[in-house]
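Content type PDB, C-alpha atoms, from the file protein.pdb:
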```pdb
ATOM      1  CA  MET A   1      -3.609 -11.179  28.342
ATOM      2  CA  ILE A   2      -2.778 -10.286  24.741
ATOM      3  CA  VAL A   3      -1.735  -6.719  23.900
ATOM      4  CA  ILE A   4      -2.297  -5.375  20.384
ATOM      5  CA  THR A   5      -0.357  -2.376  19.084
ATOM      6  CA  SER A   6      -1.476  -0.309  16.061
ATOM      7  CA  PRO A   7      -5.055  -1.591  16.567
ATOM      8  CA  THR A   8      -6.583   0.685  13.917
ATOM      9  CA  GLY A   9      -4.073  -0.243  11.208
ATOM     10  CA  SER A  10      -4.726  -2.804   8.499
ATOM     11  CA  ILE A  11      -3.066  -5.765  10.222
ATOM     12  CA  GLY A  12      -3.728  -4.886  13.863
ATOM     13  CA  SER A  13      -7.429  -4.315  13.227
ATOM     14  CA  GLN A  14      -7.751  -7.674  11.482
ATOM     15  CA  VAL A  15      -5.979  -9.490  14.324
ATOM     16  CA  LEU A  16      -8.370  -7.866  16.781
ATOM     17  CA  ARG A  17     -11.341  -8.898  14.672
ATOM     18  CA  ASN A  18     -10.049 -12.467  14.509
ATOM     19  CA  LEU A  19      -9.732 -12.641  18.289
ATOM     20  CA  ILE A  20     -13.070 -10.997  19.052
ATOM     21  CA  GLU A  21     -14.960 -13.144  16.548
ATOM     22  CA  THR A  22     -13.467 -16.431  17.814
ATOM     23  CA  PRO A  23     -16.052 -17.905  20.236
ATOM     24  CA  THR A  24     -13.463 -20.049  22.040
ATOM     25  CA  TYR A  25     -11.101 -17.136  22.704
ATOM     26  CA  THR A  26     -11.581 -16.025  26.307
ATOM     27  CA  GLU A  27      -8.291 -14.330  27.265
ATOM     28  CA  GLU A  28      -8.207 -10.674  28.174
ATOM     29  CA  LEU A  29      -7.412  -8.164  25.436
ATOM     30  CA  ARG A  30      -5.621  -4.856  25.783
ATOM     31  CA  VAL A  31      -4.879  -2.332  23.038
ATOM     32  CA  ILE A  32      -2.623   0.714  22.825
ATOM     33  CA  ALA A  33      -4.301   3.529  20.913
ATOM     34  CA  ARG A  34      -3.436   7.183  20.509
ATOM     35  CA  ASP A  35      -7.083   7.955  19.683
ATOM     36  CA  PRO A  36      -9.460   5.436  21.299
ATOM     37  CA  GLY A  37     -12.366   7.091  19.479
ATOM     38  CA  LYS A  38     -11.125   5.518  16.225
ATOM     39  CA  LEU A  39     -11.616   2.010  17.616
ATOM     40  CA  PRO A  40     -14.782   0.133  16.597
ATOM     41  CA  ALA A  41     -17.461  -0.153  19.257
ATOM     42  CA  GLU A  42     -16.985  -3.914  19.559
ATOM     43  CA  VAL A  43     -13.298  -3.395  20.377
ATOM     44  CA  ARG A  44     -14.043  -0.738  22.986
ATOM     45  CA  ALA A  45     -16.548  -3.100  24.574
ATOM     46  CA  ARG A  46     -14.202  -6.103  24.602
ATOM     47  CA  ALA A  47     -10.705  -4.724  25.210
ATOM     48  CA  GLU A  48      -8.997  -2.650  27.869
ATOM     49  CA  ILE A  49      -7.614   0.503  26.264
ATOM     50  CA  VAL A  50      -4.313   2.140  27.142
ATOM     51  CA  THR A  51      -4.244   5.602  25.616
ATOM     52  CA  GLY A  52      -0.966   6.797  24.144
ATOM     53  CA  SER A  53       1.800   5.945  21.692
ATOM     54  CA  HIS A  54       3.610   2.625  22.005
ATOM     55  CA  ARG A  55       6.846   4.555  21.472
ATOM     56  CA  ASP A  56       6.345   6.196  24.878
ATOM     57  CA  PRO A  57       8.023   4.472  27.881
ATOM     58  CA  ASP A  58       5.185   5.206  30.297
ATOM     59  CA  THR A  59       2.573   3.944  27.849
ATOM     60  CA  VAL A  60       4.262   0.591  27.195
ATOM     61  CA  ASP A  61       5.047   0.229  30.889
ATOM     62  CA  ARG A  62       1.319   0.415  31.654
ATOM     63  CA  ALA A  63       0.291  -1.674  28.669
ATOM     64  CA  PHE A  64       2.714  -4.577  29.154
ATOM     65  CA  ALA A  65       2.091  -5.094  32.881
ATOM     66  CA  GLY A  66       0.603  -8.594  33.152
ATOM     67  CA  ALA A  67       0.868  -9.245  29.406
ATOM     68  CA  ASP A  68       1.476 -12.786  28.194
ATOM     69  CA  ALA A  69       1.797 -11.914  24.504
ATOM     70  CA  VAL A  70       2.185  -8.786  22.384
ATOM     71  CA  LEU A  71       1.600  -8.027  18.715
ATOM     72  CA  TRP A  72       4.343  -5.534  17.845
ATOM     73  CA  LEU A  73       3.632  -3.382  14.814
ATOM     74  CA  ILE A  74       5.136   0.063  14.351
ATOM     75  CA  PRO A  75       3.129   2.753  12.532
ATOM     76  CA  PRO A  76       4.562   4.339   9.369
ATOM     77  CA  ASP A  77       6.322   7.658   9.865
ATOM     78  CA  MET A  78       6.913   9.449   6.586
ATOM     79  CA  GLN A  79       8.604  12.382   8.335
ATOM     80  CA  ALA A  80      11.048  10.374  10.482
ATOM     81  CA  PRO A  81      14.530  11.959  10.540
ATOM     82  CA  SER A  82      16.235   8.571  10.213
ATOM     83  CA  LEU A  83      15.468   4.886   9.782
ATOM     84  CA  ASP A  84      16.767   4.159  13.263
ATOM     85  CA  ALA A  85      14.262   6.620  14.704
ATOM     86  CA  ALA A  86      11.438   5.027  12.710
ATOM     87  CA  PHE A  87      12.197   1.411  13.659
ATOM     88  CA  SER A  88      14.643   0.540  16.457
ATOM     89  CA  GLY A  89      14.290   3.976  18.050
ATOM     90  CA  PHE A  90      10.538   3.534  18.178
ATOM     91  CA  THR A  91      10.981   0.064  19.709
ATOM     92  CA  ARG A  92      13.606   0.656  22.427
ATOM     93  CA  ALA A  93      11.156   1.561  25.186
ATOM     94  CA  ALA A  94       9.050  -1.512  24.386
ATOM     95  CA  ALA A  95      12.117  -3.776  24.365
ATOM     96  CA  LYS A  96      12.929  -2.625  27.885
ATOM     97  CA  ALA A  97       9.324  -3.127  28.977
ATOM     98  CA  PHE A  98       9.281  -6.681  27.573
ATOM     99  CA  THR A  99      12.087  -7.507  30.004
ATOM    100  CA  VAL A 100      10.772  -5.552  32.991
ATOM    101  CA  HIS A 101       7.322  -7.141  32.767
ATOM    102  CA  ARG A 102       8.570 -10.578  31.694
ATOM    103  CA  VAL A 103       6.361 -10.684  28.626
ATOM    104  CA  GLY A 104       6.387 -14.266  27.405
ATOM    105  CA  HIS A 105       5.821 -14.010  23.662
ATOM    106  CA  VAL A 106       6.045 -11.275  21.038
ATOM    107  CA  VAL A 107       4.913 -11.490  17.414
ATOM    108  CA  GLY A 108       6.327  -8.817  15.100
ATOM    109  CA  ILE A 109       5.477  -7.712  11.573
ATOM    110  CA  SER A 110       8.695  -7.672   9.574
ATOM    111  CA  ALA A 111      10.113  -8.419   6.123
ATOM    112  CA  LEU A 112      11.830 -11.001   3.979
ATOM    113  CA  GLY A 113      15.471 -10.623   3.033
ATOM    114  CA  ARG A 114      17.599 -11.755   5.971
ATOM    115  CA  GLY A 115      20.798 -13.379   4.734
ATOM    116  CA  THR A 116      20.510 -12.078   1.165
ATOM    117  CA  PRO A 117      23.361 -10.091  -0.448
ATOM    118  CA  VAL A 118      21.216  -6.926  -0.422
ATOM    119  CA  ALA A 119      19.883  -7.220   3.140
ATOM    120  CA  ASP A 120      22.219  -4.507   4.444
ATOM    121  CA  THR A 121      21.265  -1.967   1.764
ATOM    122  CA  ALA A 122      17.505  -2.485   1.594
ATOM    123  CA  GLY A 123      16.215   0.625   3.326
ATOM    124  CA  HIS A 124      13.098  -0.135   5.350
ATOM    125  CA  VAL A 125      13.815  -3.858   5.286
ATOM    126  CA  THR A 126      17.306  -3.375   6.714
ATOM    127  CA  ALA A 127      15.838  -1.278   9.520
ATOM    128  CA  SER A 128      13.073  -3.806  10.158
ATOM    129  CA  LEU A 129      15.585  -6.650  10.500
ATOM    130  CA  ALA A 130      17.621  -4.567  12.959
ATOM    131  CA  MET A 131      14.428  -4.008  14.965
ATOM    132  CA  ASP A 132      13.855  -7.779  15.033
ATOM    133  CA  ASP A 133      17.382  -8.253  16.396
ATOM    134  CA  LEU A 134      16.720  -5.669  19.101
ATOM    135  CA  ILE A 135      13.576  -7.464  20.252
ATOM    136  CA  ALA A 136      15.247 -10.875  20.105
ATOM    137  CA  SER A 137      18.127  -9.576  22.254
ATOM    138  CA  THR A 138      15.727  -9.117  25.186
ATOM    139  CA  GLY A 139      15.349 -12.891  25.554
ATOM    140  CA  VAL A 140      11.610 -12.851  24.873
ATOM    141  CA  ALA A 141      10.196 -15.641  22.694
ATOM    142  CA  TYR A 142       9.907 -13.838  19.378
ATOM    143  CA  ARG A 143       8.516 -14.616  15.956
ATOM    144  CA  ALA A 144       9.032 -12.128  13.140
ATOM    145  CA  LEU A 145       6.488 -12.542  10.367
ATOM    146  CA  ALA A 146       8.727 -12.089   7.319
ATOM    147  CA  ASN A 147       6.673 -10.615   4.507
ATOM    148  CA  PRO A 148       7.151  -9.625   0.869
ATOM    149  CA  SER A 149       5.195  -6.719  -0.617
ATOM    150  CA  PHE A 150       1.520  -6.562   0.354
ATOM    151  CA  MET A 151      -1.274  -7.025  -2.150
ATOM    152  CA  ASP A 152      -3.096  -4.393  -0.123
ATOM    153  CA  ASN A 153      -0.597  -1.707  -1.209
ATOM    154  CA  LEU A 154      -2.517  -1.634  -4.484
ATOM    155  CA  LEU A 155      -5.423   0.007  -2.658
ATOM    156  CA  TRP A 156      -3.467   3.267  -2.829
ATOM    157  CA  GLN A 157      -3.946   3.144  -6.617
ATOM    158  CA  ALA A 158      -7.667   2.399  -6.638
ATOM    159  CA  ILE A 159      -8.539   5.765  -8.217
ATOM    160  CA  SER A 160      -5.949   5.355 -10.979
ATOM    161  CA  ILE A 161      -7.219   1.852 -11.701
ATOM    162  CA  ARG A 162     -10.804   3.081 -11.807
ATOM    163  CA  ASP A 163     -10.292   6.269 -13.811
ATOM    164  CA  ALA A 164      -7.296   5.485 -16.047
ATOM    165  CA  GLY A 165      -7.065   1.693 -16.060
ATOM    166  CA  VAL A 166      -3.443   1.966 -14.908
ATOM    167  CA  PHE A 167      -1.331   0.965 -11.930
ATOM    168  CA  THR A 168       2.338   1.806 -11.521
ATOM    169  CA  GLY A 169       5.419   0.473  -9.776
ATOM    170  CA  THR A 170       9.186   0.249  -9.985
ATOM    171  CA  THR A 171       9.374  -3.505 -10.681
ATOM    172  CA  PRO A 172      10.311  -4.770 -14.169
ATOM    173  CA  ASP A 173       7.193  -5.884 -16.058
ATOM    174  CA  ASP A 174       8.085  -9.570 -16.094
ATOM    175  CA  PHE A 175       9.883  -9.896 -12.734
ATOM    176  CA  ALA A 176       7.940 -12.324 -10.541
ATOM    177  CA  ALA A 177       8.124 -12.192  -6.742
ATOM    178  CA  PRO A 178       5.937 -13.305  -3.828
ATOM    179  CA  MET A 179       3.069 -11.112  -2.638
ATOM    180  CA  VAL A 180       0.904 -11.609   0.440
ATOM    181  CA  ALA A 181      -2.527 -10.386   1.554
ATOM    182  CA  THR A 182      -2.652  -8.665   4.939
ATOM    183  CA  ARG A 183      -5.564 -10.922   5.907
ATOM    184  CA  ASP A 184      -3.139 -13.878   5.773
ATOM    185  CA  ILE A 185      -0.547 -11.991   7.836
ATOM    186  CA  ALA A 186      -3.223 -11.263  10.433
ATOM    187  CA  ALA A 187      -4.298 -14.912  10.461
ATOM    188  CA  ALA A 188      -0.717 -16.077  11.056
ATOM    189  CA  ALA A 189      -0.226 -13.506  13.816
ATOM    190  CA  THR A 190      -3.470 -14.556  15.491
ATOM    191  CA  ARG A 191      -2.426 -18.210  15.546
ATOM    192  CA  LEU A 192       0.929 -17.414  17.127
ATOM    193  CA  LEU A 193      -0.588 -15.107  19.742
ATOM    194  CA  VAL A 194      -3.183 -17.663  20.817
ATOM    195  CA  ASP A 195      -1.126 -20.871  20.629
ATOM    196  CA  ARG A 196       1.994 -19.910  22.558
ATOM    197  CA  SER A 197       3.584 -23.366  22.595
ATOM    198  CA  TRP A 198       6.587 -22.014  20.651
ATOM    199  CA  SER A 199       9.798 -20.701  22.157
ATOM    200  CA  GLY A 200      13.065 -19.063  21.151
ATOM    201  CA  THR A 201      13.404 -16.631  18.266
ATOM    202  CA  GLY A 202      12.844 -17.061  14.567
ATOM    203  CA  GLU A 203      11.118 -15.951  11.387
ATOM    204  CA  VAL A 204       7.901 -17.150   9.775
ATOM    205  CA  ALA A 205       7.937 -16.446   6.046
ATOM    206  CA  LEU A 206       4.576 -15.688   4.415
ATOM    207  CA  LEU A 207       4.819 -15.851   0.623
ATOM    208  CA  GLY A 208       1.260 -15.809  -0.677
ATOM    209  CA  PRO A 209       0.152 -18.677  -2.952
ATOM    210  CA  GLN A 210       2.355 -17.842  -5.978
ATOM    211  CA  ASP A 211       4.990 -15.463  -7.310
ATOM    212  CA  LEU A 212       3.547 -12.671  -9.454
ATOM    213  CA  SER A 213       4.969 -10.219 -11.963
ATOM    214  CA  PRO A 214       3.318  -6.870 -12.751
ATOM    215  CA  ASN A 215       2.242  -8.406 -16.074
ATOM    216  CA  ASP A 216       0.548 -11.253 -14.165
ATOM    217  CA  MET A 217      -1.212  -8.722 -11.942
ATOM    218  CA  ALA A 218      -2.385  -6.679 -14.944
ATOM    219  CA  HIS A 219      -3.826  -9.816 -16.559
ATOM    220  CA  THR A 220      -5.759 -10.731 -13.411
ATOM    221  CA  LEU A 221      -6.973  -7.177 -12.852
ATOM    222  CA  SER A 222      -8.217  -7.003 -16.443
ATOM    223  CA  GLU A 223     -10.192 -10.213 -15.967
ATOM    224  CA  VAL A 224     -11.646  -9.126 -12.620
ATOM    225  CA  PHE A 225     -12.768  -5.703 -13.876
ATOM    226  CA  GLY A 226     -13.734  -6.795 -17.383
ATOM    227  CA  ARG A 227     -11.572  -4.184 -19.114
ATOM    228  CA  GLU A 228      -7.909  -3.642 -19.822
ATOM    229  CA  ILE A 229      -5.828  -2.640 -16.806
ATOM    230  CA  ARG A 230      -2.245  -1.714 -17.727
ATOM    231  CA  TYR A 231       0.976  -1.633 -15.740
ATOM    232  CA  GLU A 232       3.329   1.306 -16.226
ATOM    233  CA  ARG A 233       6.815   1.107 -14.778
ATOM    234  CA  GLU A 234       8.218   4.264 -13.218
ATOM    235  CA  SER A 235      11.863   5.020 -12.563
ATOM    236  CA  LEU A 236      13.278   5.032  -9.054
ATOM    237  CA  ALA A 237      13.994   8.739  -9.501
ATOM    238  CA  ASP A 238      10.328   9.446 -10.304
ATOM    239  CA  PHE A 239       9.281   7.252  -7.378
ATOM    240  CA  ARG A 240      11.493   9.275  -5.057
ATOM    241  CA  ALA A 241      10.114  12.552  -6.426
ATOM    242  CA  THR A 242       6.561  11.368  -5.739
ATOM    243  CA  LEU A 243       7.431  10.452  -2.147
ATOM    244  CA  THR A 244       9.122  13.798  -1.567
ATOM    245  CA  ALA A 245       6.133  15.652  -3.011
ATOM    246  CA  ARG A 246       3.917  13.814  -0.540
ATOM    247  CA  GLY A 247       5.995  15.024   2.397
ATOM    248  CA  ALA A 248       8.435  12.182   2.989
ATOM    249  CA  SER A 249      11.671  13.164   4.692
ATOM    250  CA  ASP A 250      14.912  12.677   2.791
ATOM    251  CA  ALA A 251      15.809   9.666   4.954
ATOM    252  CA  ILE A 252      12.471   7.947   4.378
ATOM    253  CA  ALA A 253      12.364   8.667   0.638
ATOM    254  CA  THR A 254      15.876   7.248   0.293
ATOM    255  CA  ALA A 255      14.874   4.183   2.310
ATOM    256  CA  PHE A 256      11.888   3.465   0.057
ATOM    257  CA  VAL A 257      14.062   3.755  -3.060
ATOM    258  CA  ASP A 258      16.709   1.476  -1.545
ATOM    259  CA  MET A 259      14.065  -1.076  -0.592
ATOM    260  CA  MET A 260      12.514  -1.179  -4.058
ATOM    261  CA  ARG A 261      15.938  -1.445  -5.694
ATOM    262  CA  ALA A 262      16.753  -4.381  -3.404
ATOM    263  CA  LYS A 263      13.450  -6.074  -4.212
ATOM    264  CA  ASN A 264      14.299  -5.798  -7.907
ATOM    265  CA  GLU A 265      17.597  -7.526  -7.097
ATOM    266  CA  GLY A 266      15.913 -10.519  -5.462
ATOM    267  CA  LEU A 267      15.410  -9.444  -1.838
ATOM    268  CA  ASP A 268      12.054 -11.277  -1.574
ATOM    269  CA  ASN A 269      12.983 -14.310  -3.681
ATOM    270  CA  ALA A 270      15.414 -16.190  -1.441
ATOM    271  CA  VAL A 271      13.020 -18.175   0.772
ATOM    272  CA  PRO A 272      11.896 -21.505  -0.734
ATOM    273  CA  ARG A 273       8.180 -21.896  -1.336
ATOM    274  CA  THR A 274       6.818 -24.773   0.748
ATOM    275  CA  ASP A 275       3.467 -25.704   2.255
ATOM    276  CA  ALA A 276       4.578 -23.908   5.425
ATOM    277  CA  THR A 277       5.516 -20.645   3.682
ATOM    278  CA  THR A 278       2.559 -20.554   1.266
ATOM    279  CA  THR A 279      -0.493 -18.573   2.380
ATOM    280  CA  PRO A 280      -3.997 -19.121   0.971
ATOM    281  CA  THR A 281      -5.349 -15.844  -0.424
ATOM    282  CA  SER A 282      -4.696 -15.578  -4.163
ATOM    283  CA  PHE A 283      -4.300 -12.253  -5.918
ATOM    284  CA  ARG A 284      -7.534 -12.874  -7.818
ATOM    285  CA  GLU A 285      -9.438 -13.588  -4.615
ATOM    286  CA  TRP A 286      -7.962 -10.503  -2.976
ATOM    287  CA  CYS A 287      -8.926  -8.352  -5.963
ATOM    288  CA  GLU A 288     -12.504  -9.628  -5.864
ATOM    289  CA  LEU A 289     -12.954  -9.371  -2.099
ATOM    290  CA  VAL A 290     -10.904  -6.276  -1.202
ATOM    291  CA  LEU A 291      -9.906  -4.169  -4.196
ATOM    292  CA  ALA A 292     -13.050  -4.366  -6.340
ATOM    293  CA  PRO A 293     -15.397  -2.921  -3.670
ATOM    294  CA  VAL A 294     -13.033   0.061  -3.261
ATOM    295  CA  VAL A 295     -12.584   0.662  -7.009
ATOM    296  CA  GLN A 296     -16.303   0.335  -7.666
ATOM    297  CA  ALA A 297     -17.440   2.434  -4.697
TER
END
```
Could you take the file, read its structure, and then write that structure out as structure tokens?
Amino acid sequence: MIVITSPTGSIGSQVLRNLIETPTYTEELRVIARDPGKLPAEVRARAEIVTGSHRDPDTVDRAFAGADAVLWLIPPDMQAPSLDAAFSGFTRAAAKAFTVHRVGHVVGISALGRGTPVADTAGHVTASLAMDDLIASTGVAYRALANPSFMDNLLWQAISIRDAGVFTGTTPDDFAAPMVATRDIAAAATRLLVDRSWSGTGEVALLGPQDLSPNDMAHTLSEVFGREIRYERESLADFRATLTARGASDAIATAFVDMMRAKNEGLDNAVPRTDATTTPTSFREWCELVLAPVVQA
């Protein structure tokens, strides 16, 4: 039995698709969903559904009974009163349920940065690493998928790319850092959930195929769309103002600013690139397969 949390989110939905579309996968599937009606028909036909939030003790108690492995992925909460509430607070009931139900393996979606000088002041990343420590403290076999920024975050700027030929960010124009496609995160999570020969706790870094600067991204975007696509850097103060205007709480807006500042100071650049940490989907391939259909819709 594999349990998938956040099954309608970008990563959870792709993990589910991977499992359902694998002919040799025959284990039972269970998902936790606040609104089962949002699940695709093929998921509703294949998986047992536990209705509720995976923050709720009763919900995770029902969902983790008999579970061999769990994909742990917390949903974003832009109105959370604190980072602890958004990450470790959300996870505490599940951590207890992992122990009560003797769940064997848990795969979590987390972030790069552990051990870096800015790890303790990196907003969301700091909170994510604390959540990993909470899960690991239960004694469950745990793998945290340690990710840099997602290529898929650019989807939020599809309209600006289409209408103005511009995307924005807080990174210096020429500062290169790893980026990963969520499809590669989902693939790594699927492998760990299915092949549970691993034990203990640890991180699996996923760095994409190459480090990219905003200038590199603009060059690739211009080639893919056949017209100039420019990068415009915004200040951290403007970034914070945008988040606040969109309804983010003070704690969450501050955490985003702290995270982006830490990334600019090398948060994502400490893990060596090796065959094991390199993932296959290039930024160009992602743009052609994922971004272009959205921009051109």
Query - Selection dump of the PyMOL selection byres ((chain A and resi 129-134) around 8), as a list in words - result: Phe87, Ser88, Thr91, Arg92, Ala95, Gly108, Ser110, Ala111, Arg114, Val125, Thr126, Ala127, Ser128, Ile135, Ala136, Ser137, Thr138 and Ala144 of chain A
For the selection you just gave me, I'd like the residues written to a file as a PDB file, in the coordinates of the input, keeping C-alpha atoms.
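Written out: part.pdb:
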```pdb
ATOM      1  CA  PHE A  87      12.197   1.411  13.659  1.00  0.00           C
ATOM      2  CA  SER A  88      14.643   0.540  16.457  1.00  0.00           C
ATOM      3  CA  THR A  91      10.981   0.064  19.709  1.00  0.00           C
ATOM      4  CA  ARG A  92      13.606   0.656  22.427  1.00  0.00           C
ATOM      5  CA  ALA A  95      12.117  -3.776  24.365  1.00  0.00           C
ATOM      6  CA  GLY A 108       6.327  -8.817  15.100  1.00  0.00           C
ATOM      7  CA  SER A 110       8.695  -7.672   9.574  1.00  0.00           C
ATOM      8  CA  ALA A 111      10.113  -8.419   6.123  1.00  0.00           C
ATOM      9  CA  ARG A 114      17.599 -11.755   5.971  1.00  0.00           C
ATOM     10  CA  VAL A 125      13.815  -3.858   5.286  1.00  0.00           C
ATOM     11  CA  THR A 126      17.306  -3.375   6.714  1.00  0.00           C
ATOM     12  CA  ALA A 127      15.838  -1.278   9.520  1.00  0.00           C
ATOM     13  CA  SER A 128      13.073  -3.806  10.158  1.00  0.00           C
ATOM     14  CA  ILE A 135      13.576  -7.464  20.252  1.00  0.00           C
ATOM     15  CA  ALA A 136      15.247 -10.875  20.105  1.00  0.00           C
ATOM     16  CA  SER A 137      18.127  -9.576  22.254  1.00  0.00           C
ATOM     17  CA  THR A 138      15.727  -9.117  25.186  1.00  0.00           C
ATOM     18  CA  ALA A 144       9.032 -12.128  13.140  1.00  0.00           C
TER      19      ALA A 144
END
```
Query raised in the report: So what does the PyMOL selection byres ((chain A and resi 150) around 12) actually pick up in this one, as a PyMOL selection string?
Result: chain A and resi 10-11+109-112+146-149+151-156+177-185+206-208+212+268+281-283+286
Report task. Rank nothing, just name the residue among A:Lys263, A:Val290, A:Ala187, A:Thr170 nearest to Glu232 of chain A, using only C-alpha atoms. Result ->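 Closest residue, counting only C-alpha atoms: A:Thr170.
Note that the spacing between atom CA of Ala41 of chain A and atom CA of Thr8 of chain A amounts to 12.1 Å.
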Report task. Please write the residues picked by the PyMOL selection byres ((chain A and resi 221) around 12) on this file as an NGL selection string. Result -> :A and (154 or 158 or 161-162 or 165-167 or 214-220 or 222-231 or 283-288 or 291-292 or 295)
Requested in this report: Go through A:Pro75, A:Arg191, A:Ala251, A:Asn269 one by one, measure the shortest atom-to-atom distance of each to Thr22 of chain A using only C-alpha atoms, and give the residue with the smallest value.
Outcome: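 Between A:Pro75, A:Arg191, A:Ala251, A:Asn269, the residue approaching Thr22 of chain A most closely is A:Arg191.
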Query raised in the report: Suppose you want the space between atom CA of Phe175 of chain A and atom CA of Ala262 of chain A; what is it in Å?
Result: 12.8 Å
Query raised in the report: In terms of the shortest atom-to-atom distance over only C-alpha atoms, which of A:Asn264, A:Asp77, A:Thr278, A:Pro23 is closest to Ala248 of chain A?
Result: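 So, comparing all the options, the nearest one is A:Asp77.
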Query raised in the report: What is the atom CA of Ala189 of chain A to atom CA of Val50 of chain A distance in Å?
Result: 21.0 Å
Requested in this report: Can you work out which one of A:Gly104, A:Asp250, A:Leu289, A:Pro7 has the shortest atom-to-atom distance to Gly200 of chain A, counting all atoms listed in the file?
Outcome: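 Among the listed residues, the smallest separation from Gly200 of chain A belongs to A:Gly104.
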Query raised in the report: Leaving out Ile20 of chain A and any residue of its chain fewer than 2 positions from it, which residues lie within 10 Å of it when counting only C-alpha atoms, given as a list of chain:residue names?
Result: A:Gln14, A:Val15, A:Leu16, A:Arg17, A:Asn18, A:Thr22, A:Pro23, A:Thr24, A:Tyr25, A:Thr26, A:Leu29, A:Glu42, A:Val43, A:Arg46, A:Ala47
Include C-alpha atoms and write out the residues we just selected as an mmCIF file, keeping the file's coordinate frame.
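The resulting selection02.cif:
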```cif
data_model
loop_
_atom_site.group_PDB
_atom_site.id
_atom_site.type_symbol
_atom_site.label_atom_id
_atom_site.label_comp_id
_atom_site.auth_asym_id
_atom_site.auth_seq_id
_atom_site.Cartn_x
_atom_site.Cartn_y
_atom_site.Cartn_z
ATOM 1 C CA GLN A 14 -7.751 -7.674 11.482
ATOM 2 C CA VAL A 15 -5.979 -9.490 14.324
ATOM 3 C CA LEU A 16 -8.370 -7.866 16.781
ATOM 4 C CA ARG A 17 -11.341 -8.898 14.672
ATOM 5 C CA ASN A 18 -10.049 -12.467 14.509
ATOM 6 C CA THR A 22 -13.467 -16.431 17.814
ATOM 7 C CA PRO A 23 -16.052 -17.905 20.236
ATOM 8 C CA THR A 24 -13.463 -20.049 22.040
ATOM 9 C CA TYR A 25 -11.101 -17.136 22.704
ATOM 10 C CA THR A 26 -11.581 -16.025 26.307
ATOM 11 C CA LEU A 29 -7.412 -8.164 25.436
ATOM 12 C CA GLU A 42 -16.985 -3.914 19.559
ATOM 13 C CA VAL A 43 -13.298 -3.395 20.377
ATOM 14 C CA ARG A 46 -14.202 -6.103 24.602
ATOM 15 C CA ALA A 47 -10.705 -4.724 25.210
#
```
